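Engineer: This is the structure, below, for whatever I ask next.
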Amino acid sequence: MTFCWSGIRSFPKLWKSKPCLGLDPGHFSPLFPSYCAIRNQQRWFSLKTGLPQNNKGIHLPITKARFPKARDRAEKKKVSSDSPHLFAAGAAKKRSWGSQVTNPDSKDQALPKKSSSTQLPTKPLNSEEWDRLKEDFEGKGNFEDWISSQMSRCHSSIDVAKSLLAWVAAKNNGIISYNLLVNYLYLCVLHKQTSEVIDVYEIMKLRYKRLESSGYSLLIRGLIHSDRWREALLLLEDLKEVMIPTKKNYSDCIQGALLHHEVDMAWNLYQELLGHEIIPMMETLKAFFDFGKAIKDDHYSNKLLDILLYLRNNQLYPDESLVHSIRTWFESIPGKQWKGQFTTIQESGQCLGCGKTLESIHLSPEEYEFLKGKIMKDVIDGGDQYRKTTPQELKRFKEFVKSCPPFDIVIDGLNVGKSYSKVRDSRALLHVVSQLAKQNLRLLVLGRKHMITHHSQWRKNEMQMIQQQARCFFADNISEDDPFLLYATLNSGNHCKFITNDLMRDHKACLSDAKTQLLFFKWQQGHQLAITNRFLGSKITFQRTLSYDTVVQTTGDSWHIPYDEDLVKRCSYEVPTKWLCLQQHT
């Protein structure tokens with residue numbers, strides 16, 4: 001069977017139908033890393049995957065925000081503090097930037113990448129021009145694959161890509177490799193050339209029984225804007241036979257259904273997505289809110305509110321684009337008189353926009369006991385708890401904690417000792433312990449046995465002074481002290497805080513379920529102290545701990561939604577500092 005691809009009218013020869021072709025390893029394309037990898041590369045296009053708070057106050061010095069005198073009150077009102085807390089969005093990047101400034105010779109400086117001398121054409125080339133360009137090619141590997149890959153990366157025009165395919169077809173009896181075809185399809189989708197997408201789709205249907213994941217994904221995305229959008233749903237079903245579709249696959253189909261006013265289908269796909277425990281893309285949620293502006297339906301509105309509760313329950317944060325759509329949707333609801341504004345939250349937890357106080361970061365007694373039990377089971381008494389300790393030592397530590405009254409602060413001695421540059425570790429730790437002891441706080445210092453044997457970094461007399469001001473427990477040198485720190489802090493009650501710069505990500509990962517991980521992070525934000533000033537002799541100050549919970553929250557006539565700023569890089573263990581405040585005026 002022979003057939004012609006009408007979308008590329010300059011092709012001099014007919015395409016030949018070959019329902020099954022062998023995969024040449026050199027033809028595999030690395031162009032689409034965002035899609036699922038090919039599980040079986042032996043064929044071209046097969047996919048085979050086949051407690052209440054203690055009344056005792058702990059008053060610790062916190063780094064204060066400073067405003068220039070010239071700044072007026074209105075400017076002060078726009079921000080809650082110039083001093084971010086340990087988990088504020090962008091804080092990790094600032095700390096990293098600070099360390100790079102102090103080490104300009106860091107090996108992490110990016111080196112310029114070498115590039116090929118071959119220049120991409122900016123206009124269609126004829127056969128002779130393509131021949132000359134290939135002769136001048138100095139790179140390794142196949143020229144056609146390389147130039148096609150570069151054109152995709154650089155978003156070349158469709159006409160230039162067509163001229164490449166015409167030249168390749170002329171040389172190969174009308175046959176074009178799958179990689180070149182998919183790279184061209186990528187450009188068609190990118191430039192929203194729907195008719196060209198359909199042409200490629202028709203060829204692929206005739207030529208291949210199955211595609212690999214990137215081919216399916218591109219066709220789904222390209223078809224949703226056409227009158228043949230339902231065929232994208234058929235491709236999604238084909239994909240389900242061999243793998244779970246990606247969040248992007250579902251997002252494209254949901255947006256296609258909404259675009260063509262198939263609302264029930266869109267919600268069904270959304271529920272299917274959640275059923276696979278896949279976190280939806282923000283653009284998917286944005287599509288639902290954008291569509292909601294055009295319809296006035298209570299059932300649909302309730303589903304949108306369910307999305308907000310989903311964000312809350314999973315501690316997810318909308319991006320700027322989605323949060324603007326959420327605000328616009330609320331303000332478009334007839335007769336409800338919702339008004340939104342973008343704002344920040346004061347350290348006390350009071351919203352600067354409406355004056356309401358947000359939910360407390362502190363766990364309820366029930367949540368605290370639940371978390372405490374989980375930490376004991378998964379981190380302290382878990383399957384590999386003796387990887388860096390012994391049963392005898394763990395038993396000794398538990399008996400030690402039981403014999404002591406509840407602590408106010410638990411200190412990671414090794415970590416704090418390293419907090420001051422160019423200062424002996426024992427002197428740095430003594431500096432911190434001495435200042436805290438003056439506040440009559442019950443202190444526990446955790447360390448290792450090598451700290452109490454005379455060493456250049458650990459002076460015996462300084463360690464003795466520490467032991468006079470705080471209770472101390474020194475584990476074996478091979479032991480990991482973080483689980484001990486968590487155990488002592490949790491057993492001392494909800495008022496107890498701990499000092500370390502360790503963000504405890506490994507221990508959070510040990511927790512068996514997402515609910516417990518969220519509770520642990522909530523507890524951690526309200527209890528972990530990190531030293532800010534690193535100058536010995538100065539008064540010790542800490543980054544402030546959060547007093548309010550950074551999750552989507554509502555009181556019925558108000559919503560507060562934390563969101564990610566486009567220009568702020570937030571690590572997974574950080575929380576946003578900007579909020580959307582929505583108020584219903586009556």
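Chains: A, B, ... in order of the structure tokens. Residues: from 1 per chain. Ligands: from 1, in order shown.
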Could you make a table, as a tab-separated table, of the residues of region 169-200 of chain A that have an atom within 9 Å of an atom of region 208-229 of chain A, each with its nearest atom pair and distance in Å to one decimal, counting only C-alpha atoms, in chain and number order?
Structural biologist:
residue	atom	partner	partner_atom	distance
A:Val182	CA	A:Gly215	CA	6.3
A:Leu185	CA	A:Leu218	CA	7.1
A:Tyr186	CA	A:Leu218	CA	6.5
A:Cys188	CA	A:Gly222	CA	7.8
A:Val189	CA	A:Gly222	CA	5.1
A:Leu190	CA	A:Gly222	CA	8.5
A:Lys192	CA	A:Gly222	CA	7.2
A:Gln193	CA	A:Gly222	CA	8.2
A:Thr194	CA	A:Gly222	CA	6.4
A:Ser195	CA	A:Ser226	CA	8.4
A:Val197	CA	A:Gly222	CA	6.1
A:Ile198	CA	A:Leu223	CA	7.2
A:Val200	CA	A:Leu219	CA	8.7
Engineer: Just the residues within 8 Å of Gln315 (chain A), please, counting only C-alpha atoms, with nothing from its chain fewer than 4 positions along; format it as a PyMOL selection string.
Structural biologist: chain A and resi 311+518+551-552
Engineer: Any chance you could list, as a PyMOL selection string, the residues in region 82-267 of chain A that come up helix (DSSP H, G or I) when DSSP is run on the backbone?
Structural biologist: chain A and resi 91-102+127-135+143-153+158-171+178-190+194-207+213-223+230-240+247-259+263-267
Engineer: Restricting the calculation to only C-alpha atoms: of A:Ile531, A:Pro121, A:Arg207, A:Thr541, which residue gets closest to Leu133 (chain A)?
Structural biologist: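 Distance minimum relative to Leu133 (chain A) lands on A:Pro121.
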Engineer: Quick one, how far is CA of Tyr184 (chain A) from CA of Glu283 (chain A)?
Structural biologist: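 A separation of 25.0 Å between them.
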Engineer: Point out the residue among A:Gly373, A:Cys496, A:Asp425, A:Trp146 with the least atom-to-atom distance to Ser512 (chain A), counting only C-alpha atoms.
Structural biologist: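 Of all the options, A:Gly373 lies closest to Ser512 (chain A).
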Engineer: Just give me the gap between CA of Lys395 (chain A) and CA of Ile411 (chain A) in Å, one decimal is fine.
Structural biologist: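 For CA of Lys395 (chain A) relative to CA of Ile411 (chain A), the distance reads 20.1 Å.
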Engineer: Could you tell me how far CA of Cys571 (chain A) lies from CA of Asn314 (chain A), in Å and to one decimal?
Structural biologist: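 Distance reported for this atom pair: 16.2 Å.
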Engineer: Name the residues in contact with Leu363 (chain A) at a cut-off of 8 Å, using only C-alpha atoms, excluding same-chain residues fewer than 4 positions from it; report them as an mmCIF file with C-alpha atoms, in the first residue's frame.
Structural biologist:
data_model
loop_
_atom_site.group_PDB
_atom_site.id
_atom_site.type_symbol
_atom_site.label_atom_id
_atom_site.label_comp_id
_atom_site.auth_asym_id
_atom_site.auth_seq_id
_atom_site.Cartn_x
_atom_site.Cartn_y
_atom_site.Cartn_z
ATOM 1 C CA LEU A 51 -1.042 17.822 73.877
ATOM 2 C CA GLU A 367 -2.810 15.110 66.271
ATOM 3 C CA TYR A 368 0.178 15.387 68.616
ATOM 4 C CA LEU A 519 1.651 16.466 60.341
ATOM 5 C CA LYS A 522 3.515 21.122 60.435
ATOM 6 C CA TRP A 523 4.990 20.231 63.839
#
Engineer: Which neighbours of Ala266 (chain A) fall inside 7 Å, counting only C-alpha atoms, when residues of the same chain fewer than 6 positions from it are skipped, and could you give them as a ChimeraX atom specification?
Structural biologist: /A:254,257-258
Engineer: Would you mind listing what lies within 9 Å of Lys248 (chain A) as a PDB file with all heavy atoms, in the first residue's frame, with only C-alpha atoms counted and same-chain residues fewer than 3 positions away left out?
Structural biologist:
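Output (selection_27.pdb):
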ATOM      1  N   TYR A  35       8.094  12.994  29.083  1.00  0.00           N
ATOM      2  CA  TYR A  35       7.178  11.886  28.904  1.00  0.00           C
ATOM      3  C   TYR A  35       7.779  10.613  29.479  1.00  0.00           C
ATOM      4  O   TYR A  35       8.973  10.510  29.720  1.00  0.00           O
ATOM      5  CB  TYR A  35       6.869  11.695  27.418  1.00  0.00           C
ATOM      6  CG  TYR A  35       6.342  12.939  26.767  1.00  0.00           C
ATOM      7  CD1 TYR A  35       6.982  13.503  25.681  1.00  0.00           C
ATOM      8  CD2 TYR A  35       5.218  13.570  27.288  1.00  0.00           C
ATOM      9  CE1 TYR A  35       6.503  14.663  25.107  1.00  0.00           C
ATOM     10  CE2 TYR A  35       4.728  14.733  26.714  1.00  0.00           C
ATOM     11  CZ  TYR A  35       5.378  15.270  25.618  1.00  0.00           C
ATOM     12  OH  TYR A  35       4.913  16.414  25.055  1.00  0.00           O
ATOM     13  N   SER A 217       1.409  11.200  23.456  1.00  0.00           N
ATOM     14  CA  SER A 217       1.221  12.462  24.182  1.00  0.00           C
ATOM     15  C   SER A 217       1.092  13.639  23.227  1.00  0.00           C
ATOM     16  O   SER A 217       0.242  14.509  23.405  1.00  0.00           O
ATOM     17  CB  SER A 217       2.386  12.694  25.152  1.00  0.00           C
ATOM     18  OG  SER A 217       2.435  11.680  26.134  1.00  0.00           O
ATOM     19  N   ARG A 221      -2.304  15.958  22.598  1.00  0.00           N
ATOM     20  CA  ARG A 221      -2.266  17.410  22.783  1.00  0.00           C
ATOM     21  C   ARG A 221      -2.638  18.152  21.495  1.00  0.00           C
ATOM     22  O   ARG A 221      -3.279  19.193  21.521  1.00  0.00           O
ATOM     23  CB  ARG A 221      -0.876  17.842  23.235  1.00  0.00           C
ATOM     24  CG  ARG A 221      -0.811  19.269  23.754  1.00  0.00           C
ATOM     25  CD  ARG A 221       0.573  19.617  24.219  1.00  0.00           C
ATOM     26  NE  ARG A 221       1.098  18.560  25.072  1.00  0.00           N
ATOM     27  CZ  ARG A 221       2.391  18.423  25.353  1.00  0.00           C
ATOM     28  NH1 ARG A 221       3.276  19.249  24.839  1.00  0.00           N
ATOM     29  NH2 ARG A 221       2.787  17.455  26.147  1.00  0.00           N
ATOM     30  N   PRO A 245      -1.465   6.720  32.140  1.00  0.00           N
ATOM     31  CA  PRO A 245      -1.160   7.985  31.469  1.00  0.00           C
ATOM     32  C   PRO A 245      -0.593   9.015  32.431  1.00  0.00           C
ATOM     33  O   PRO A 245      -0.848   8.970  33.643  1.00  0.00           O
ATOM     34  CB  PRO A 245      -2.524   8.432  30.910  1.00  0.00           C
ATOM     35  CG  PRO A 245      -3.318   7.174  30.800  1.00  0.00           C
ATOM     36  CD  PRO A 245      -2.866   6.315  31.955  1.00  0.00           C
ATOM     37  N   SER A 251      -4.417  16.074  31.649  1.00  0.00           N
ATOM     38  CA  SER A 251      -4.667  17.507  31.565  1.00  0.00           C
ATOM     39  C   SER A 251      -5.128  17.907  30.174  1.00  0.00           C
ATOM     40  O   SER A 251      -6.085  18.671  30.006  1.00  0.00           O
ATOM     41  CB  SER A 251      -3.399  18.282  31.948  1.00  0.00           C
ATOM     42  OG  SER A 251      -3.610  19.673  31.841  1.00  0.00           O
ATOM     43  N   ASP A 252      -4.459  17.378  29.144  1.00  0.00           N
ATOM     44  CA  ASP A 252      -4.840  17.706  27.766  1.00  0.00           C
ATOM     45  C   ASP A 252      -6.260  17.245  27.458  1.00  0.00           C
ATOM     46  O   ASP A 252      -7.048  17.992  26.847  1.00  0.00           O
ATOM     47  CB  ASP A 252      -3.853  17.063  26.784  1.00  0.00           C
ATOM     48  CG  ASP A 252      -2.479  17.722  26.809  1.00  0.00           C
ATOM     49  OD1 ASP A 252      -2.416  18.924  27.162  1.00  0.00           O
ATOM     50  OD2 ASP A 252      -1.483  17.058  26.486  1.00  0.00           O
ATOM     51  N   CYS A 253      -6.593  16.032  27.879  1.00  0.00           N
ATOM     52  CA  CYS A 253      -7.942  15.512  27.599  1.00  0.00           C
ATOM     53  C   CYS A 253      -9.012  16.277  28.373  1.00  0.00           C
ATOM     54  O   CYS A 253     -10.112  16.535  27.853  1.00  0.00           O
ATOM     55  CB  CYS A 253      -7.998  14.020  27.933  1.00  0.00           C
ATOM     56  SG  CYS A 253      -7.047  12.986  26.790  1.00  0.00           S
ATOM     57  N   PRO A 280      -2.722  16.495  40.076  1.00  0.00           N
ATOM     58  CA  PRO A 280      -3.029  17.179  38.810  1.00  0.00           C
ATOM     59  C   PRO A 280      -2.149  18.400  38.594  1.00  0.00           C
ATOM     60  O   PRO A 280      -1.627  18.994  39.544  1.00  0.00           O
ATOM     61  CB  PRO A 280      -4.506  17.587  38.978  1.00  0.00           C
ATOM     62  CG  PRO A 280      -4.731  17.616  40.453  1.00  0.00           C
ATOM     63  CD  PRO A 280      -3.836  16.572  41.051  1.00  0.00           C
ATOM     64  N   MET A 281      -1.970  18.750  37.343  1.00  0.00           N
ATOM     65  CA  MET A 281      -1.212  19.944  37.004  1.00  0.00           C
ATOM     66  C   MET A 281      -2.023  21.177  37.372  1.00  0.00           C
ATOM     67  O   MET A 281      -3.264  21.154  37.342  1.00  0.00           O
ATOM     68  CB  MET A 281      -0.890  19.966  35.502  1.00  0.00           C
ATOM     69  CG  MET A 281      -0.047  18.788  35.045  1.00  0.00           C
ATOM     70  SD  MET A 281       0.274  18.842  33.267  1.00  0.00           S
ATOM     71  CE  MET A 281       1.369  20.272  33.159  1.00  0.00           C
ATOM     72  N   THR A 284      -4.451  22.240  34.795  1.00  0.00           N
ATOM     73  CA  THR A 284      -5.697  21.466  34.784  1.00  0.00           C
ATOM     74  C   THR A 284      -6.730  22.124  35.698  1.00  0.00           C
ATOM     75  O   THR A 284      -7.898  22.322  35.302  1.00  0.00           O
ATOM     76  CB  THR A 284      -5.442  20.035  35.264  1.00  0.00           C
ATOM     77  OG1 THR A 284      -4.375  19.453  34.517  1.00  0.00           O
ATOM     78  CG2 THR A 284      -6.693  19.170  35.107  1.00  0.00           C
TER      79      THR A 284
END
Engineer: Pick out the closest residue to Phe288 (chain A) from this set: A:Ser321, A:Gln255, A:Gln439, A:Asn415. Count only C-alpha atoms.
Structural biologist: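 Looking only at the distances to Phe288 (chain A), the closest residue turns out to be A:Gln255.
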Engineer: Quick one: everything within 12 Å of Ile380 (chain A), counting only C-alpha atoms, minus sequence neighbours fewer than 5 positions away in the same chain. Send it as JSON, numbers by chain.
Structural biologist: {"A": [372, 373, 374, 375, 385, 386, 387, 388, 389, 390, 391, 394, 395, 397, 398, 480, 481, 482, 483, 484, 485, 486, 487, 488, 490, 507, 510, 511]}
Engineer: May I have the residues within 10 Å of region 339-353 of chain A as a ChimeraX atom specification, using only C-alpha atoms and disregarding those fewer than 6 positions away in the same chain?
Structural biologist: /A:77-81,84-85,323-324,326-328,330-332,359-361,544-550,558-563,576-585
Engineer: Write out as a VMD selection string the set of residues from region 114-355 of chain A that DSSP, computed on the backbone, places in strand (DSSP E).
Structural biologist: chain A and resid 338 to 343
Engineer: With all heavy atoms retained, export the selected residues as a PDB file, in the first residue's frame.
Structural biologist:
ATOM      1  N   TRP A 338     -18.041  38.529  46.515  1.00  0.00           N
ATOM      2  CA  TRP A 338     -16.689  38.179  46.933  1.00  0.00           C
ATOM      3  C   TRP A 338     -15.697  39.207  46.406  1.00  0.00           C
ATOM      4  O   TRP A 338     -15.805  39.657  45.273  1.00  0.00           O
ATOM      5  CB  TRP A 338     -16.307  36.799  46.394  1.00  0.00           C
ATOM      6  CG  TRP A 338     -16.948  35.648  47.114  1.00  0.00           C
ATOM      7  CD1 TRP A 338     -18.081  34.983  46.751  1.00  0.00           C
ATOM      8  CD2 TRP A 338     -16.470  35.022  48.312  1.00  0.00           C
ATOM      9  NE1 TRP A 338     -18.354  33.983  47.642  1.00  0.00           N
ATOM     10  CE2 TRP A 338     -17.384  33.969  48.614  1.00  0.00           C
ATOM     11  CE3 TRP A 338     -15.384  35.241  49.153  1.00  0.00           C
ATOM     12  CZ2 TRP A 338     -17.218  33.142  49.731  1.00  0.00           C
ATOM     13  CZ3 TRP A 338     -15.220  34.416  50.253  1.00  0.00           C
ATOM     14  CH2 TRP A 338     -16.126  33.387  50.538  1.00  0.00           C
ATOM     15  N   LYS A 339     -14.741  39.563  47.238  1.00  0.00           N
ATOM     16  CA  LYS A 339     -13.659  40.466  46.841  1.00  0.00           C
ATOM     17  C   LYS A 339     -12.328  39.856  47.278  1.00  0.00           C
ATOM     18  O   LYS A 339     -12.205  39.359  48.402  1.00  0.00           O
ATOM     19  CB  LYS A 339     -13.829  41.857  47.465  1.00  0.00           C
ATOM     20  CG  LYS A 339     -15.000  42.661  46.913  1.00  0.00           C
ATOM     21  CD  LYS A 339     -14.789  42.996  45.449  1.00  0.00           C
ATOM     22  CE  LYS A 339     -15.978  43.778  44.894  1.00  0.00           C
ATOM     23  NZ  LYS A 339     -15.820  44.053  43.442  1.00  0.00           N
ATOM     24  N   GLY A 340     -11.355  39.897  46.377  1.00  0.00           N
ATOM     25  CA  GLY A 340     -10.063  39.305  46.683  1.00  0.00           C
ATOM     26  C   GLY A 340      -8.939  40.325  46.650  1.00  0.00           C
ATOM     27  O   GLY A 340      -9.032  41.348  45.968  1.00  0.00           O
ATOM     28  N   GLN A 341      -7.893  40.044  47.377  1.00  0.00           N
ATOM     29  CA  GLN A 341      -6.689  40.876  47.357  1.00  0.00           C
ATOM     30  C   GLN A 341      -5.490  39.998  47.692  1.00  0.00           C
ATOM     31  O   GLN A 341      -5.600  38.999  48.396  1.00  0.00           O
ATOM     32  CB  GLN A 341      -6.800  42.033  48.349  1.00  0.00           C
ATOM     33  CG  GLN A 341      -6.995  41.612  49.793  1.00  0.00           C
ATOM     34  CD  GLN A 341      -7.107  42.785  50.742  1.00  0.00           C
ATOM     35  OE1 GLN A 341      -6.304  43.699  50.689  1.00  0.00           O
ATOM     36  NE2 GLN A 341      -8.121  42.755  51.616  1.00  0.00           N
ATOM     37  N   PHE A 342      -4.336  40.404  47.149  1.00  0.00           N
ATOM     38  CA  PHE A 342      -3.108  39.669  47.422  1.00  0.00           C
ATOM     39  C   PHE A 342      -2.391  40.339  48.585  1.00  0.00           C
ATOM     40  O   PHE A 342      -2.250  41.561  48.625  1.00  0.00           O
ATOM     41  CB  PHE A 342      -2.235  39.622  46.171  1.00  0.00           C
ATOM     42  CG  PHE A 342      -2.890  38.880  45.043  1.00  0.00           C
ATOM     43  CD1 PHE A 342      -3.439  39.560  43.966  1.00  0.00           C
ATOM     44  CD2 PHE A 342      -2.999  37.499  45.077  1.00  0.00           C
ATOM     45  CE1 PHE A 342      -4.060  38.882  42.934  1.00  0.00           C
ATOM     46  CE2 PHE A 342      -3.621  36.809  44.046  1.00  0.00           C
ATOM     47  CZ  PHE A 342      -4.154  37.495  42.975  1.00  0.00           C
ATOM     48  N   THR A 343      -1.922  39.529  49.530  1.00  0.00           N
ATOM     49  CA  THR A 343      -1.420  40.082  50.776  1.00  0.00           C
ATOM     50  C   THR A 343      -0.385  39.163  51.394  1.00  0.00           C
ATOM     51  O   THR A 343       0.018  38.153  50.798  1.00  0.00           O
ATOM     52  CB  THR A 343      -2.607  40.308  51.755  1.00  0.00           C
ATOM     53  OG1 THR A 343      -2.138  40.977  52.922  1.00  0.00           O
ATOM     54  CG2 THR A 343      -3.251  38.979  52.141  1.00  0.00           C
TER      55      THR A 343
END
Engineer: Would you please work out which residue, of A:Glu565, A:Arg132, A:Thr586, A:Gln271, is nearest to Glu320 (chain A) when using only C-alpha atoms?
Structural biologist: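 Nearest candidate to Glu320 (chain A) out of A:Glu565, A:Arg132, A:Thr586, A:Gln271: A:Glu565.
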